[in-house]
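Engineer: One file is attached below, upload12.cif, containing mmCIF, C-alpha atoms.
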```
data_work
loop_
_atom_site.label_atom_id
_atom_site.label_comp_id
_atom_site.auth_asym_id
_atom_site.auth_seq_id
_atom_site.Cartn_x
_atom_site.Cartn_y
_atom_site.Cartn_z
CA MET A 1 -12.71 -30.88 8.03
CA GLN A 2 -12.70 -33.92 10.33
CA ALA A 3 -13.29 -36.30 7.44
CA LEU A 4 -10.50 -34.74 5.42
CA ARG A 5 -8.09 -34.89 8.35
CA ALA A 6 -8.91 -38.59 8.80
CA ASN A 7 -8.54 -39.30 5.04
CA ALA A 8 -12.19 -40.41 5.04
CA ALA A 9 -12.85 -37.89 2.26
CA ASP A 10 -10.67 -36.53 -0.51
CA ILE A 11 -12.18 -33.06 -1.01
CA GLY A 12 -14.87 -30.86 0.46
CA PRO A 13 -16.17 -27.28 0.29
CA ALA A 14 -15.66 -24.89 3.18
CA GLY A 15 -15.77 -21.21 4.05
CA ASP A 16 -12.74 -19.15 4.95
CA ALA A 17 -12.95 -19.33 8.77
CA PRO A 18 -13.23 -23.15 8.98
CA VAL A 19 -10.34 -23.52 6.56
CA LEU A 20 -8.19 -21.04 8.46
CA ASN A 21 -8.96 -22.63 11.81
CA ALA A 22 -8.18 -26.10 10.47
CA ILE A 23 -4.84 -25.23 8.91
CA GLY A 24 -4.00 -23.07 11.92
CA ALA A 25 -4.49 -26.16 14.09
CA GLY A 26 -2.06 -28.12 11.94
CA ALA A 27 -4.53 -30.08 9.82
CA PRO A 28 -2.79 -31.65 6.80
CA LEU A 29 -4.97 -29.90 4.21
CA LYS A 30 -4.47 -28.12 0.91
CA ILE A 31 -6.67 -25.54 -0.84
CA VAL A 32 -7.16 -26.82 -4.39
CA GLY A 33 -10.07 -24.72 -5.67
CA VAL A 34 -11.81 -21.40 -5.14
CA THR A 35 -15.35 -20.13 -5.52
CA GLN A 36 -16.39 -16.50 -5.35
CA THR A 37 -19.95 -15.44 -4.60
CA SER A 38 -21.27 -11.93 -5.11
CA ALA A 39 -20.82 -9.82 -1.99
CA LYS A 40 -24.50 -8.81 -2.02
CA ALA A 41 -25.32 -12.29 -0.69
CA VAL A 42 -24.28 -11.15 2.81
CA ALA A 43 -25.82 -8.14 4.57
CA VAL A 44 -26.58 -6.31 7.79
CA LEU A 45 -30.35 -6.29 8.39
CA VAL A 46 -32.64 -4.28 10.62
CA PRO A 47 -36.39 -4.78 11.23
CA LYS A 48 -38.78 -2.87 8.98
CA ASP A 49 -39.83 -0.39 11.71
CA SER A 50 -36.32 0.14 13.09
CA PRO A 51 -35.07 3.73 13.38
CA ILE A 52 -31.59 2.46 12.42
CA ARG A 53 -30.67 3.70 8.94
CA THR A 54 -26.89 3.33 8.78
CA VAL A 55 -24.18 1.23 10.38
CA ALA A 56 -23.18 4.28 12.45
CA ASP A 57 -26.62 4.08 14.08
CA LEU A 58 -25.67 0.69 15.55
CA LYS A 59 -23.62 2.34 18.31
CA GLY A 60 -24.92 1.08 21.64
CA LYS A 61 -27.13 -1.52 19.95
CA THR A 62 -27.15 -5.32 20.07
CA VAL A 63 -26.09 -7.04 16.87
CA SER A 64 -25.76 -10.70 15.96
CA PRO A 65 -23.14 -11.48 13.33
CA THR A 66 -24.60 -15.00 13.44
CA THR A 67 -21.78 -17.42 14.34
CA LYS A 68 -18.22 -16.46 15.27
CA GLY A 69 -15.94 -16.43 12.24
CA SER A 70 -18.83 -16.46 9.77
CA VAL A 71 -19.17 -14.24 6.71
CA GLY A 72 -21.67 -12.27 8.78
CA HIS A 73 -19.03 -11.70 11.45
CA TYR A 74 -16.48 -10.58 8.87
CA LEU A 75 -18.98 -8.16 7.32
CA LEU A 76 -19.89 -6.69 10.70
CA LEU A 77 -16.23 -6.10 11.59
CA GLY A 78 -15.61 -4.37 8.27
CA ALA A 79 -18.82 -2.33 8.37
CA LEU A 80 -18.13 -1.10 11.91
CA LYS A 81 -14.59 -0.06 10.96
CA GLU A 82 -15.90 1.74 7.87
CA ALA A 83 -18.39 3.65 10.04
CA GLY A 84 -15.69 4.68 12.52
CA LEU A 85 -16.86 2.23 15.18
CA THR A 86 -15.19 -0.71 16.92
CA PRO A 87 -16.68 -4.01 18.11
CA HIS A 88 -16.70 -2.47 21.60
CA ASP A 89 -19.23 0.13 20.45
CA VAL A 90 -21.92 -2.54 20.03
CA THR A 91 -23.05 -5.59 21.96
CA ILE A 92 -22.21 -8.63 19.84
CA SER A 93 -24.39 -11.70 20.31
CA PHE A 94 -23.20 -14.85 18.52
CA LEU A 95 -26.19 -17.03 17.64
CA THR A 96 -26.88 -19.98 15.38
CA PRO A 97 -28.95 -19.05 12.30
CA PRO A 98 -32.23 -20.43 13.77
CA ALA A 99 -31.62 -18.68 17.10
CA ALA A 100 -30.66 -15.45 15.33
CA THR A 101 -33.81 -15.64 13.22
CA ALA A 102 -35.95 -15.96 16.34
CA ALA A 103 -34.08 -13.18 18.15
CA PHE A 104 -34.36 -10.84 15.15
CA ASP A 105 -38.05 -11.52 14.59
CA SER A 106 -38.86 -10.99 18.28
CA GLY A 107 -36.83 -7.79 18.64
CA GLN A 108 -34.24 -9.25 21.01
CA ILE A 109 -31.47 -7.99 18.74
CA ASP A 110 -31.39 -4.67 16.90
CA ALA A 111 -29.54 -5.86 13.80
CA TRP A 112 -28.40 -9.08 12.19
CA ALA A 113 -25.40 -9.70 9.91
CA THR A 114 -26.23 -12.78 7.90
CA TRP A 115 -26.37 -14.36 4.46
CA ASP A 116 -28.87 -15.78 1.99
CA PRO A 117 -31.36 -17.38 2.23
CA TYR A 118 -31.79 -15.74 5.66
CA ILE A 119 -31.58 -12.31 4.03
CA ALA A 120 -34.31 -13.15 1.54
CA LEU A 121 -36.53 -14.78 4.17
CA SER A 122 -36.21 -11.71 6.40
CA GLU A 123 -36.87 -9.34 3.51
CA GLN A 124 -40.14 -11.18 2.93
CA LYS A 125 -41.11 -10.02 6.44
CA GLY A 126 -40.09 -6.43 5.72
CA ALA A 127 -36.50 -6.36 6.99
CA ARG A 128 -34.22 -3.73 5.48
CA ILE A 129 -30.60 -3.98 4.38
CA ILE A 130 -28.43 -1.17 5.77
CA ARG A 131 -25.14 -2.50 4.39
CA ASP A 132 -24.34 -5.40 2.12
CA GLY A 133 -20.95 -6.97 1.61
CA THR A 134 -19.90 -4.90 -1.39
CA GLY A 135 -16.39 -3.60 -0.83
CA ILE A 136 -15.94 -5.58 2.39
CA SER A 137 -16.63 -9.26 1.83
CA SER A 138 -14.45 -11.23 -0.56
CA GLY A 139 -17.15 -13.83 -1.16
CA LEU A 140 -14.50 -16.53 -1.22
CA GLY A 141 -15.17 -20.18 -0.57
CA PHE A 142 -12.76 -23.05 -1.01
CA THR A 143 -12.45 -26.62 -2.14
CA VAL A 144 -10.10 -28.27 0.32
CA ALA A 145 -8.29 -31.58 -0.14
CA SER A 146 -6.45 -33.86 2.20
CA GLU A 147 -2.68 -33.80 1.65
CA GLN A 148 -2.92 -37.47 0.75
CA ALA A 149 -5.42 -36.79 -2.03
CA ALA A 150 -3.56 -33.71 -3.25
CA GLY A 151 -0.36 -35.74 -3.48
CA ASP A 152 -1.81 -38.67 -5.43
CA PRO A 153 -1.61 -38.20 -9.25
CA ALA A 154 -4.84 -40.09 -10.01
CA ARG A 155 -6.84 -38.25 -7.42
CA ARG A 156 -5.34 -34.91 -8.43
CA ALA A 157 -6.59 -35.56 -11.97
CA ALA A 158 -10.03 -36.44 -10.63
CA ILE A 159 -10.09 -33.29 -8.48
CA ALA A 160 -9.12 -31.14 -11.47
CA ASP A 161 -11.93 -32.74 -13.49
CA PHE A 162 -14.42 -32.08 -10.69
CA LEU A 163 -13.37 -28.43 -10.41
CA LEU A 164 -13.87 -27.95 -14.15
CA ARG A 165 -17.35 -29.50 -14.01
CA GLN A 166 -18.22 -27.36 -11.00
CA ALA A 167 -17.15 -24.20 -12.83
CA ARG A 168 -19.37 -25.13 -15.76
CA ALA A 169 -22.28 -25.67 -13.37
CA PHE A 170 -21.74 -22.21 -11.89
CA ASP A 171 -21.69 -20.70 -15.38
CA TRP A 172 -24.99 -22.43 -16.16
CA SER A 173 -26.62 -21.23 -12.93
CA ASN A 174 -25.49 -17.66 -13.60
CA THR A 175 -26.94 -17.56 -17.11
CA ASN A 176 -30.10 -19.64 -16.59
CA LYS A 177 -31.64 -17.86 -13.61
CA ALA A 178 -35.23 -19.04 -14.12
CA ASP A 179 -34.30 -22.71 -14.47
CA PHE A 180 -31.85 -22.48 -11.60
CA THR A 181 -34.44 -20.78 -9.38
CA ARG A 182 -36.87 -23.65 -9.93
CA LEU A 183 -34.15 -26.19 -9.20
CA PHE A 184 -32.97 -24.29 -6.12
CA ALA A 185 -36.53 -23.99 -4.77
CA SER A 186 -37.11 -27.71 -5.33
CA LEU A 187 -33.90 -28.75 -3.56
CA THR A 188 -34.15 -26.34 -0.62
CA LYS A 189 -37.96 -26.36 -0.21
CA LEU A 190 -37.87 -22.57 -0.06
CA PRO A 191 -40.87 -20.64 -1.43
CA GLU A 192 -40.16 -19.73 -5.05
CA PRO A 193 -40.21 -15.92 -4.41
CA VAL A 194 -37.55 -16.41 -1.73
CA ALA A 195 -35.54 -18.71 -3.99
CA ALA A 196 -35.78 -16.11 -6.77
CA ALA A 197 -34.47 -13.37 -4.46
CA VAL A 198 -31.52 -15.59 -3.54
CA THR A 199 -30.64 -16.65 -7.08
CA ASN A 200 -31.08 -13.16 -8.54
CA ARG A 201 -28.64 -11.80 -5.95
CA ARG A 202 -26.29 -14.75 -6.40
CA THR A 203 -23.52 -15.01 -8.95
CA VAL A 204 -20.85 -17.64 -8.38
CA THR A 205 -17.60 -17.98 -10.27
CA ALA A 206 -14.59 -20.26 -9.93
CA PRO A 207 -11.50 -18.08 -10.36
CA PRO A 208 -8.06 -19.65 -10.66
CA ILE A 209 -5.78 -19.58 -7.65
CA ASP A 210 -3.49 -16.60 -8.13
CA ASP A 211 -1.73 -13.94 -6.09
CA THR A 212 -4.93 -11.92 -5.74
CA ILE A 213 -6.85 -14.84 -4.24
CA ILE A 214 -4.03 -15.64 -1.84
CA LYS A 215 -3.79 -11.98 -0.80
CA GLN A 216 -7.55 -11.85 -0.14
CA LEU A 217 -7.44 -14.90 2.13
CA GLN A 218 -4.38 -13.49 3.90
CA GLU A 219 -6.30 -10.26 4.60
CA THR A 220 -9.26 -12.27 5.91
CA SER A 221 -6.94 -14.32 8.09
CA ASP A 222 -5.36 -11.18 9.55
CA VAL A 223 -8.78 -9.68 10.36
CA TYR A 224 -9.85 -12.90 12.08
CA THR A 225 -6.59 -13.00 14.04
CA GLU A 226 -7.16 -9.45 15.28
CA ALA A 227 -10.74 -10.35 16.24
CA GLY A 228 -9.67 -13.45 18.15
CA VAL A 229 -11.32 -15.92 15.78
CA ILE A 230 -7.87 -17.38 15.03
CA ASP A 231 -5.36 -17.54 17.87
CA HIS A 232 -2.20 -16.76 15.87
CA ARG A 233 -1.19 -15.18 12.59
CA LEU A 234 -1.00 -17.52 9.63
CA ASP A 235 0.89 -17.41 6.36
CA VAL A 236 -1.73 -18.88 4.05
CA ALA A 237 0.30 -19.09 0.82
CA PRO A 238 1.88 -22.53 1.47
CA PHE A 239 -1.54 -24.14 1.79
CA PHE A 240 -2.61 -23.37 -1.77
CA VAL A 241 -2.08 -25.75 -4.70
CA ARG A 242 -1.93 -23.67 -7.87
CA SER A 243 -1.15 -26.48 -10.30
CA LEU A 244 -4.78 -27.67 -10.34
CA ALA A 245 -5.98 -24.33 -11.70
CA PHE A 246 -7.66 -24.55 -15.08
#
```
Here is a file; write its structure as structure tokens.
Structural biologist:
Amino acid sequence: MQALRANAADIGPAGDAPVLNAIGAGAPLKIVGVTQTSAKAVAVLVPKDSPIRTVADLKGKTVSPTTKGSVGHYLLLGALKEAGLTPHDVTISFLTPPAATAAFDSGQIDAWATWDPYIALSEQKGARIIRDGTGISSGLGFTVASEQAAGDPARRAAIADFLLRQARAFDWSNTNKADFTRLFASLTKLPEPVAAAVTNRRTVTAPPIDDTIIKQLQETSDVYTEAGVIDHRLDVAPFFVRSLAF
């Protein structure tokens, strides 16, 4: 986000909360592309011997949604609401992924809302999923451009070309799981069984920017505003560039 604001980069990928915080702070950015990852790639975990079986059982417990404004945080907020609970019914502990891993493994927290590969790594140790992101998480990620890049015809053409190549890469990874697992394990240095769990759970698409996508980000923005992640309500529609859709 800092590089884009300084025109030191033309485009970059980002999750919903960083994008919303940046545009909410007045950053001159435009959303030019969208990715959507399967909602099963985010989940609420409990240790293997935990008596907790459902989200409702989290009442009075300590939960880390990992970092504030993360996909884990969004899932926790939605899962609590679904179970008839509020954030005040649990103790929320925001932790970086390494700190959350240590706290979860040592029993300092009762549950952890996180994403892959942390889900897969924890499952290898026996952790159980009590709620994944299905029906709650949008799975949206974004390609963001500086206004300068988005307004330059040559760079717009290059961005459109990149987005098309990226979509083809996602299609390949979705249909060539074994090859992609080997590549993913090589690049991340994760054990191949963990990499396989991640890639088998992972499907990524690149949908065009349309009213549905804009509505989903608006809903996410409103949830984050209510939770205090964003300090004021945003209208996200003006920050999208639809003309680069393919």
Engineer: Evaluate the PyMOL selection byres ((chain A and resi 60-68) around 8) on the structure here and hand back the selected residues as an mmCIF file with C-alpha atoms, in the frame of the given file.
Structural biologist:
```cif
data_model
loop_
_atom_site.group_PDB
_atom_site.id
_atom_site.type_symbol
_atom_site.label_atom_id
_atom_site.label_comp_id
_atom_site.auth_asym_id
_atom_site.auth_seq_id
_atom_site.Cartn_x
_atom_site.Cartn_y
_atom_site.Cartn_z
ATOM 1 C CA LEU A 58 -25.670 0.690 15.550
ATOM 2 C CA LYS A 59 -23.620 2.340 18.310
ATOM 3 C CA GLY A 69 -15.940 -16.430 12.240
ATOM 4 C CA SER A 70 -18.830 -16.460 9.770
ATOM 5 C CA GLY A 72 -21.670 -12.270 8.780
ATOM 6 C CA HIS A 73 -19.030 -11.700 11.450
ATOM 7 C CA LEU A 76 -19.890 -6.690 10.700
ATOM 8 C CA ASP A 89 -19.230 0.130 20.450
ATOM 9 C CA VAL A 90 -21.920 -2.540 20.030
ATOM 10 C CA THR A 91 -23.050 -5.590 21.960
ATOM 11 C CA ILE A 92 -22.210 -8.630 19.840
ATOM 12 C CA SER A 93 -24.390 -11.700 20.310
ATOM 13 C CA PHE A 94 -23.200 -14.850 18.520
ATOM 14 C CA LEU A 95 -26.190 -17.030 17.640
ATOM 15 C CA THR A 96 -26.880 -19.980 15.380
ATOM 16 C CA PRO A 97 -28.950 -19.050 12.300
ATOM 17 C CA ALA A 100 -30.660 -15.450 15.330
ATOM 18 C CA ILE A 109 -31.470 -7.990 18.740
ATOM 19 C CA ASP A 110 -31.390 -4.670 16.900
ATOM 20 C CA ALA A 111 -29.540 -5.860 13.800
ATOM 21 C CA TRP A 112 -28.400 -9.080 12.190
ATOM 22 C CA ALA A 113 -25.400 -9.700 9.910
ATOM 23 C CA THR A 114 -26.230 -12.780 7.900
ATOM 24 C CA VAL A 229 -11.320 -15.920 15.780
#
```
Engineer: Output the residue selection produced by the PyMOL selection byres ((chain A and resi 34-38) around 7) on the file above, formatted as a list in words.
Structural biologist: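 Taken over the shown coordinates, the PyMOL selection byres ((chain A and resi 34-38) around 7) returns Gly33, Ala39, Lys40, Ala41, Gly139, Leu140, Gly141, Phe142, Thr143, Arg202, Thr203, Val204, Thr205, Ala206, Pro207, Pro208 and Ile209 of chain A.
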Engineer: Mind checking which residues fall within 12 Å of Gly228 in chain A, counting only C-alpha atoms, ignoring those fewer than 2 positions away in the same chain, and posting them as a list in words?
Structural biologist: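 With the cut-off at 12 Å, the set is Ala17, Asn21, Lys68, Gly69, His73, Tyr74, Leu77, Pro87, Ser221, Asp222, Val223, Tyr224, Thr225, Glu226, Ile230, Asp231, His232 and Arg233 of chain A.
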Engineer: With only C-alpha atoms as the counted atoms, please give the residues lying no more than 12 Å from range 184-187 of chain A, apart from itself and same-chain residues fewer than 4 positions off, as a PDB file with C-alpha atoms, keeping the file's coordinate frame.
Structural biologist:
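And here is the file that came out, out14.pdb:
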```pdb
ATOM      1  CA  PRO A 117     -31.360 -17.380   2.230  1.00  0.00           C
ATOM      2  CA  SER A 173     -26.620 -21.230 -12.930  1.00  0.00           C
ATOM      3  CA  ASN A 176     -30.100 -19.640 -16.590  1.00  0.00           C
ATOM      4  CA  LYS A 177     -31.640 -17.860 -13.610  1.00  0.00           C
ATOM      5  CA  ALA A 178     -35.230 -19.040 -14.120  1.00  0.00           C
ATOM      6  CA  ASP A 179     -34.300 -22.710 -14.470  1.00  0.00           C
ATOM      7  CA  PHE A 180     -31.850 -22.480 -11.600  1.00  0.00           C
ATOM      8  CA  PRO A 191     -40.870 -20.640  -1.430  1.00  0.00           C
ATOM      9  CA  GLU A 192     -40.160 -19.730  -5.050  1.00  0.00           C
ATOM     10  CA  PRO A 193     -40.210 -15.920  -4.410  1.00  0.00           C
ATOM     11  CA  VAL A 194     -37.550 -16.410  -1.730  1.00  0.00           C
ATOM     12  CA  ALA A 195     -35.540 -18.710  -3.990  1.00  0.00           C
ATOM     13  CA  ALA A 196     -35.780 -16.110  -6.770  1.00  0.00           C
ATOM     14  CA  ALA A 197     -34.470 -13.370  -4.460  1.00  0.00           C
ATOM     15  CA  VAL A 198     -31.520 -15.590  -3.540  1.00  0.00           C
ATOM     16  CA  THR A 199     -30.640 -16.650  -7.080  1.00  0.00           C
ATOM     17  CA  ASN A 200     -31.080 -13.160  -8.540  1.00  0.00           C
ATOM     18  CA  ARG A 202     -26.290 -14.750  -6.400  1.00  0.00           C
TER      19      ARG A 202
END
```
Engineer: Give, as AutoDock Vina command-line options, the centre coordinates and the x, y and z edge lengths in Å to one decimal for an axis-aligned box around all listed atoms of range 98-102 of chain A, padded by 5 Å on each side.
Structural biologist:
```
--center_x -33.3 --center_y -17.9 --center_z 15.2 --size_x 15.3 --size_y 15.0 --size_z 13.9
```
Engineer: One decimal, Å: what's the distance from CA of Ile129 in chain A over to CA of Ala99 in chain A, could you say?
Structural biologist: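 Going from CA of Ile129 in chain A over to CA of Ala99 in chain A covers 19.5 Å.
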Engineer: Would you compute the distance between CA of Ala56 in chain A and CA of Ala83 in chain A? Give it in Å to one decimal.
Structural biologist: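 Computing the Euclidean distance for CA of Ala56 in chain A and CA of Ala83 in chain A yields 5.4 Å.
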Engineer: So which one's closest to Gln148 in chain A, A:Pro51, A:Pro28, A:Gly84, A:Gly126? Using only C-alpha atoms, please.
Structural biologist: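 For Gln148 in chain A, the nearest of the given residues is A:Pro28.
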Engineer: Give me the residues near Trp115 in chain A as number ranges by chain, where near means some atom within 6 Å (using all atoms listed in the file) and where sequence neighbours in that chain fewer than 2 positions away do not count.
Structural biologist: A: 41-42, 118-119
Engineer: May I ask for the distance between CA of Val44 in chain A and CA of Leu190 in chain A, given in Å to one decimal place?
Structural biologist: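 Value for the CA of Val44 in chain A-CA of Leu190 in chain A distance: 21.3 Å.
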Engineer: Would you translate the PyMOL selection byres ((chain A and resi 3) around 12) into the concrete set of residues it matches in this file, as a list of chain:residue names?
Structural biologist: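 On this input, the PyMOL selection byres ((chain A and resi 3) around 12) captures A:Met1, A:Gln2, A:Leu4, A:Arg5, A:Ala6, A:Asn7, A:Ala8, A:Ala9, A:Asp10, A:Ile11, A:Gly12, A:Pro13, A:Ala22, A:Ala27, A:Pro28, A:Leu29, A:Val144, A:Ala145, A:Ser146.
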Engineer: Which residue is closest to Arg131 in chain A? Choose from A:Val19, A:Leu217, A:Val46, A:Ile31 and count all atoms listed in the file.
Structural biologist: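 Comparing A:Val19, A:Leu217, A:Val46, A:Ile31 against Arg131 in chain A, the winner is A:Val46.
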